[in-house]
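Engineer: The structure file protein-v3.cif (mmCIF, C-alpha atoms) is provided below.
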```cif
data_structure
#
loop_
_atom_site.group_PDB
_atom_site.id
_atom_site.type_symbol
_atom_site.label_atom_id
_atom_site.label_comp_id
_atom_site.auth_asym_id
_atom_site.auth_seq_id
_atom_site.Cartn_x
_atom_site.Cartn_y
_atom_site.Cartn_z
ATOM 1 C CA MET P 1 55.854 -0.575 0.823
ATOM 2 C CA LYS P 2 53.275 -2.921 -0.748
ATOM 3 C CA LYS P 3 53.911 -5.429 2.062
ATOM 4 C CA ILE P 4 53.218 -2.759 4.708
ATOM 5 C CA ILE P 5 49.981 -1.642 3.025
ATOM 6 C CA THR P 6 48.871 -5.266 2.559
ATOM 7 C CA SER P 7 49.636 -6.001 6.243
ATOM 8 C CA ILE P 8 47.630 -2.970 7.377
ATOM 9 C CA ILE P 9 44.653 -3.981 5.204
ATOM 10 C CA ILE P 10 44.737 -7.551 6.569
ATOM 11 C CA LEU P 11 44.932 -6.199 10.133
ATOM 12 C CA ILE P 12 41.940 -3.862 9.582
ATOM 13 C CA VAL P 13 39.876 -6.668 8.026
ATOM 14 C CA ASN P 14 40.691 -8.973 10.951
ATOM 15 C CA ILE P 15 39.769 -6.315 13.512
ATOM 16 C CA SER P 16 36.424 -5.589 11.834
ATOM 17 C CA VAL P 17 35.594 -9.292 11.463
ATOM 18 C CA TYR P 18 36.441 -10.109 15.096
ATOM 19 C CA SER P 19 34.909 -7.108 16.831
ATOM 20 C CA GLN P 20 33.518 -9.122 19.766
ATOM 21 C CA VAL P 21 35.265 -9.029 23.116
ATOM 22 C CA GLY P 22 35.433 -11.973 25.455
ATOM 23 C CA ILE P 23 36.749 -11.784 28.998
ATOM 24 C CA GLY P 24 37.337 -15.233 30.410
ATOM 25 C CA THR P 25 36.551 -16.822 27.028
ATOM 26 C CA ILE P 26 38.284 -16.988 23.664
ATOM 27 C CA ALA P 27 35.004 -17.560 21.806
ATOM 28 C CA PRO P 28 32.358 -14.954 22.741
ATOM 29 C CA ILE P 29 28.742 -15.874 22.039
ATOM 30 C CA ALA P 30 27.673 -14.953 18.500
ATOM 31 C CA GLY P 31 25.727 -11.714 18.427
ATOM 32 C CA SER P 32 27.293 -10.393 21.624
ATOM 33 C CA LEU P 33 29.428 -7.283 21.841
ATOM 34 C CA LEU P 34 30.927 -8.318 25.171
ATOM 35 C CA GLU P 35 30.812 -11.623 27.024
ATOM 36 C CA LEU P 36 32.040 -12.031 30.579
ATOM 37 C CA LYS P 37 32.574 -15.644 31.603
ATOM 38 C CA ALA P 38 33.660 -16.961 34.984
ATOM 39 C CA THR P 39 32.552 -19.533 37.508
ATOM 40 C CA ASP P 40 34.087 -17.773 40.503
ATOM 41 C CA LYS P 41 33.900 -14.026 39.729
ATOM 42 C CA ALA P 42 31.197 -11.371 39.335
ATOM 43 C CA LEU P 43 30.547 -8.189 37.402
ATOM 44 C CA VAL P 44 30.813 -5.069 39.565
ATOM 45 C CA LEU P 45 28.970 -2.023 38.279
ATOM 46 C CA SER P 46 29.903 1.576 38.950
ATOM 47 C CA ARG P 47 28.933 2.588 42.478
ATOM 48 C CA VAL P 48 27.743 6.173 42.940
ATOM 49 C CA ALA P 49 26.536 8.057 45.997
ATOM 50 C CA GLY P 50 23.187 9.005 44.452
ATOM 51 C CA SER P 51 22.261 9.460 40.816
ATOM 52 C CA ALA P 52 22.898 13.221 41.096
ATOM 53 C CA ALA P 53 26.633 12.369 41.289
ATOM 54 C CA ILE P 54 26.604 11.757 37.517
ATOM 55 C CA ALA P 55 27.026 15.154 35.870
ATOM 56 C CA THR P 56 25.832 14.247 32.369
ATOM 57 C CA PRO P 57 23.537 11.205 32.540
ATOM 58 C CA ILE P 58 22.270 9.544 29.362
ATOM 59 C CA ASP P 59 19.616 6.897 28.761
ATOM 60 C CA GLY P 60 20.951 3.358 29.087
ATOM 61 C CA MET P 61 23.201 3.993 32.096
ATOM 62 C CA LEU P 62 23.152 1.401 34.877
ATOM 63 C CA VAL P 63 24.633 2.051 38.330
ATOM 64 C CA TYR P 64 24.615 0.785 41.875
ATOM 65 C CA ASP P 65 23.326 3.677 44.016
ATOM 66 C CA SER P 66 25.277 3.299 47.265
ATOM 67 C CA SER P 67 23.154 5.933 49.041
ATOM 68 C CA LEU P 68 20.055 3.745 48.559
ATOM 69 C CA ASN P 69 21.761 0.336 48.331
ATOM 70 C CA CYS P 70 20.116 -0.612 45.041
ATOM 71 C CA PHE P 71 20.493 -0.761 41.263
ATOM 72 C CA ARG P 72 19.079 2.088 39.155
ATOM 73 C CA SER P 73 18.979 2.762 35.438
ATOM 74 C CA ARG P 74 18.490 5.864 33.316
ATOM 75 C CA GLU P 75 15.404 5.570 31.073
ATOM 76 C CA ASN P 76 13.477 8.199 29.094
ATOM 77 C CA GLY P 77 15.561 11.004 30.574
ATOM 78 C CA VAL P 78 15.066 10.102 34.257
ATOM 79 C CA TRP P 79 16.565 7.719 36.808
ATOM 80 C CA THR P 80 14.346 4.764 37.666
ATOM 81 C CA PRO P 81 13.402 4.031 41.255
ATOM 82 C CA CYS P 82 15.339 1.248 42.953
ATOM 83 C CA TRP P 83 15.016 -2.082 41.173
ATOM 84 C CA ASN P 84 13.172 -4.802 43.041
ATOM 85 C CA CYS P 85 14.099 -7.380 40.422
ATOM 86 C CA CYS P 86 15.583 -9.933 42.735
ATOM 87 C CA VAL P 87 12.866 -10.078 45.371
ATOM 88 C CA ALA P 88 9.377 -11.422 44.813
ATOM 89 C CA PRO P 89 7.152 -8.350 44.956
ATOM 90 C CA SER P 90 4.763 -8.123 47.847
ATOM 91 C CA THR P 91 1.054 -7.942 47.189
ATOM 92 C CA ALA P 92 0.392 -6.366 50.597
ATOM 93 C CA ALA P 93 -0.620 -2.718 50.741
ATOM 94 C CA GLY P 94 2.442 -0.528 51.039
ATOM 95 C CA THR P 95 3.187 1.550 54.090
ATOM 96 C CA ILE P 96 5.909 4.064 54.892
ATOM 97 C CA THR P 97 6.560 6.029 58.077
ATOM 98 C CA ALA P 98 7.862 9.280 56.515
ATOM 99 C CA LEU P 99 8.114 11.007 53.124
ATOM 100 C CA ASP P 100 10.844 13.643 52.652
ATOM 101 C CA CYS P 101 9.688 16.536 50.429
ATOM 102 C CA ALA P 102 12.377 18.862 51.832
ATOM 103 C CA GLY P 103 15.274 16.661 50.660
ATOM 104 C CA VAL P 104 13.924 16.011 47.170
ATOM 105 C CA ILE P 105 16.486 15.431 44.406
ATOM 106 C CA LYS P 106 15.330 17.370 41.354
ATOM 107 C CA THR P 107 16.499 16.553 37.836
ATOM 108 C CA GLY P 108 15.982 18.857 34.866
ATOM 109 C CA THR P 109 14.725 22.417 34.505
ATOM 110 C CA LEU P 110 11.212 23.794 34.105
ATOM 111 C CA THR P 111 10.871 26.843 31.841
ATOM 112 C CA ASN P 112 7.759 28.946 31.261
ATOM 113 C CA ALA P 113 5.868 27.977 28.083
ATOM 114 C CA VAL P 114 8.329 25.158 27.253
ATOM 115 C CA ALA P 115 7.223 21.507 27.468
ATOM 116 C CA ALA P 116 8.935 19.675 30.318
ATOM 117 C CA THR P 117 11.478 17.106 29.161
ATOM 118 C CA ALA P 118 13.635 14.886 31.394
ATOM 119 C CA VAL P 119 12.290 16.511 34.576
ATOM 120 C CA SER P 120 11.798 14.369 37.669
ATOM 121 C CA ALA P 121 11.784 14.486 41.450
ATOM 122 C CA ASP P 122 13.156 11.683 43.647
ATOM 123 C CA LEU P 123 11.668 11.677 47.155
ATOM 124 C CA SER P 124 13.147 9.488 49.839
ATOM 125 C CA TYR P 125 11.054 7.684 52.427
ATOM 126 C CA THR P 126 11.653 5.613 55.532
ATOM 127 C CA GLY P 127 9.807 2.693 57.077
ATOM 128 C CA GLY P 128 8.844 0.981 53.818
ATOM 129 C CA ASN P 129 7.282 -2.459 54.224
ATOM 130 C CA GLY P 130 7.948 -3.770 50.694
ATOM 131 C CA GLY P 131 4.247 -3.508 49.859
ATOM 132 C CA THR P 132 2.576 -2.102 46.759
ATOM 133 C CA PHE P 133 1.581 1.440 45.919
ATOM 134 C CA THR P 134 -0.684 2.628 43.117
ATOM 135 C CA GLY P 135 0.271 4.994 40.342
ATOM 136 C CA GLN P 136 -0.611 8.666 40.646
ATOM 137 C CA ALA P 137 -1.044 11.700 38.402
ATOM 138 C CA ILE P 138 -1.074 14.949 40.391
ATOM 139 C CA THR P 139 -1.720 18.312 38.747
ATOM 140 C CA SER P 140 0.180 21.404 39.800
ATOM 141 C CA THR P 141 -1.154 24.445 41.619
ATOM 142 C CA GLY P 142 0.451 27.884 41.670
ATOM 143 C CA VAL P 143 2.097 27.520 38.285
ATOM 144 C CA THR P 144 -0.424 25.371 36.417
ATOM 145 C CA GLY P 145 -0.061 23.142 33.360
ATOM 146 C CA LEU P 146 2.155 20.459 34.927
ATOM 147 C CA THR P 147 1.533 16.900 36.110
ATOM 148 C CA ALA P 148 3.667 14.803 38.488
ATOM 149 C CA THR P 149 3.273 11.103 37.594
ATOM 150 C CA LEU P 150 4.277 8.174 39.774
ATOM 151 C CA VAL P 151 4.234 4.701 38.197
ATOM 152 C CA ALA P 152 2.745 1.953 40.392
ATOM 153 C CA GLY P 153 5.288 -0.274 42.131
ATOM 154 C CA ASN P 154 6.551 -1.621 45.432
ATOM 155 C CA PHE P 155 8.198 0.203 48.303
ATOM 156 C CA ALA P 156 11.609 -1.044 49.367
ATOM 157 C CA THR P 157 11.845 -2.509 52.831
ATOM 158 C CA GLY P 158 13.191 0.248 55.068
ATOM 159 C CA ILE P 159 14.640 3.248 53.209
ATOM 160 C CA GLY P 160 13.879 3.920 49.547
ATOM 161 C CA THR P 161 12.816 6.475 46.962
ATOM 162 C CA VAL P 162 9.844 7.164 44.736
ATOM 163 C CA THR P 163 10.292 9.042 41.469
ATOM 164 C CA TYR P 164 7.703 11.452 40.121
ATOM 165 C CA VAL P 165 8.148 12.329 36.432
ATOM 166 C CA ILE P 166 7.057 15.869 35.593
ATOM 167 C CA SER P 167 5.278 16.507 32.277
ATOM 168 C CA GLY P 168 3.272 19.277 30.661
ATOM 169 C CA THR P 169 3.942 22.930 29.847
ATOM 170 C CA PRO P 170 4.106 25.497 32.662
ATOM 171 C CA ALA P 171 1.727 28.417 32.178
ATOM 172 C CA THR P 172 3.952 31.058 33.827
ATOM 173 C CA THR P 173 7.056 31.546 35.965
ATOM 174 C CA GLY P 174 7.023 30.975 39.719
ATOM 175 C CA THR P 175 6.495 27.925 41.927
ATOM 176 C CA ALA P 176 4.611 24.815 40.887
ATOM 177 C CA SER P 177 3.250 22.884 43.862
ATOM 178 C CA PHE P 178 2.093 19.265 43.937
ATOM 179 C CA ALA P 179 0.085 17.947 46.916
ATOM 180 C CA LEU P 180 1.485 14.437 47.338
ATOM 181 C CA ALA P 181 -0.294 11.751 49.340
ATOM 182 C CA ILE P 182 1.100 8.228 49.353
ATOM 183 C CA ALA P 183 0.719 5.382 51.846
ATOM 184 C CA GLY P 184 -0.779 7.683 54.472
ATOM 185 C CA GLN P 185 2.018 10.268 54.225
ATOM 186 C CA ASN P 186 1.476 13.783 52.827
ATOM 187 C CA CYS P 187 3.755 16.590 51.744
ATOM 188 C CA THR P 188 3.972 19.326 49.142
ATOM 189 C CA LEU P 189 6.536 19.045 46.368
ATOM 190 C CA THR P 190 7.571 22.483 45.057
ATOM 191 C CA LEU P 191 9.422 23.094 41.810
ATOM 192 C CA THR P 192 10.652 26.427 40.457
ATOM 193 C CA VAL P 193 9.628 27.423 36.937
ATOM 194 C CA LEU P 194 12.007 29.884 35.254
#
```
What does this structure look like when you write it as structure tokens?
Structural biologist:
Amino acid sequence: MKKIITSIIILIVNISVYSQVGIGTIAPIAGSLLELKATDKALVLSRVAGSAAIATPIDGMLVYDSSLNCFRSRENGVWTPCWNCCVAPSTAAGTITALDCAGVIKTGTLTNAVAATAVSADLSYTGGNGGTFTGQAITSTGVTGLTATLVAGNFATGIGTVTYVISGTPATTGTASFALAIAGQNCTLTLTVL
């Protein structure tokens, strides 16, 4: 019995001491939790057809959004716009040919007299030229007390999305409207407040 207990203790100590995982290597880099090593293979991330496909998203998630053909991450309770990390950003003024307020993907819930948390609206666009757009802060009408904020960035070339993060505390129930104007395109974003 003592031999079994001693063996179990040694096994537990070994597992806790060597808690790093290496795939393609027997000696993972110190300080890493996981090291992938290969000279002829690549890491493939989860591919989802839009961030709304993930029922219970949490901060720190990273996916390949197959509907937009780009990488996105979950940060501060919202999905980021498409990453443009691998392309030198354009300094030209951004243009788009259409902005889709009707097909907006809404995340989170707005409730009367409760501060908005993890609420956002992803709007798709077409005809992006890869150019820059400035940040915006648009106050709501109808139901007041809310602001839709867009962080400055670059449009994708062709089809892409822009993400407005909603903050503030709605003053009543009903419909909050935001008059959006970006790169010469205009539309009204409407969000229901319960």
Engineer: Name the residues captured by the PyMOL selection byres ((chain P and resi 161-166) around 6) when it is applied to the shown file; answer as a PyMOL selection string.
Structural biologist: chain P and resi 81+119-125+147-150+160+167
Engineer: Could you check which of P:Ala93, P:Ala116, P:Ala49, P:Leu33 is closest to Val63 (chain P), using only C-alpha atoms?
Structural biologist: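 For Val63 (chain P), the nearest of the given residues is P:Ala49.
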Engineer: Calculate how many Å separate CA of Thr188 (chain P) from CA of Asn76 (chain P), rounding to one decimal.
Structural biologist: 24.8 Å
Engineer: Could you check the closest approach to Asn112 (chain P) for each of P:Ser73, P:Thr169, P:Ser51, P:Thr139 and tell me which residue wins, using all atoms listed in the file?
Structural biologist: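 Answer, going by the shortest atom-to-atom distance: P:Thr169.
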Engineer: Starting from the shown file, work through the PyMOL selection byres ((chain P and resi 36-46) around 10) and note down what comes out as a count of residues only.
Structural biologist: 19
Engineer: CA of Thr172 (chain P) and CA of Thr111 (chain P), how far apart in Å?
Structural biologist: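 According to the coordinates, CA of Thr111 (chain P) and CA of Thr172 (chain P) are separated by 8.3 Å.
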Engineer: When distances are computed from only C-alpha atoms, which of P:Ala55, P:Ser67, P:Gly60, P:Leu146 shows the smallest separation from Val114 (chain P)?
Structural biologist: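 So, comparing all the options, the nearest one is P:Leu146.
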Engineer: I need the residue nearest Gly94 (chain P) from this list: P:Ala152, P:Ala27, P:Cys82, P:Val143. Use all atoms listed in the file for the distance.
Structural biologist: P:Ala152
Engineer: Residues around (2.9, 5.3, 44.0), cut-off 7 Å, counting only C-alpha atoms - what are they as a list in words?
Structural biologist: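 Output of the proximity query reads Phe133, Thr134, Gly135, Gln136, Leu150, Val151, Ala152, Gly153 and Ile182 of chain P.
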Engineer: Could you give me, as a PyMOL selection string, the residues that have an atom at most 10 Å away from the point (11.3, 21.3, 52.6) in the coordinates of the file, using all atoms listed in the file?
Structural biologist: chain P and resi 100-104+187-190
Engineer: CA of Asn186 (chain P) and CA of Thr173 (chain P) are how many Å apart?
Structural biologist: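 CA of Thr173 (chain P) lies 25.1 Å from CA of Asn186 (chain P).
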Engineer: If you apply the PyMOL selection byres ((chain P and resi 193) around 7) to this file, what residues do you get, as a short mmCIF file (atom, residue, chain, number, x, y, z; two decimals) with C-alpha atoms, in the frame of the given file?
Structural biologist:
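Just written: expr-v8.cif:
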```
data_model
loop_
_atom_site.label_atom_id
_atom_site.label_comp_id
_atom_site.auth_asym_id
_atom_site.auth_seq_id
_atom_site.Cartn_x
_atom_site.Cartn_y
_atom_site.Cartn_z
CA LEU P 110 11.21 23.79 34.10
CA THR P 111 10.87 26.84 31.84
CA ASN P 112 7.76 28.95 31.26
CA THR P 173 7.06 31.55 35.97
CA GLY P 174 7.02 30.98 39.72
CA THR P 175 6.50 27.92 41.93
CA ALA P 176 4.61 24.82 40.89
CA LEU P 191 9.42 23.09 41.81
CA THR P 192 10.65 26.43 40.46
CA LEU P 194 12.01 29.88 35.25
#
```
Engineer: From the options P:Ile138, P:Ala156, P:Ala113, P:Ala181, which residue's atoms come nearest to Asn69 (chain P), counting all atoms listed in the file?
Structural biologist: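 Using all atoms listed in the file, the shortest distance to Asn69 (chain P) belongs to P:Ala156.
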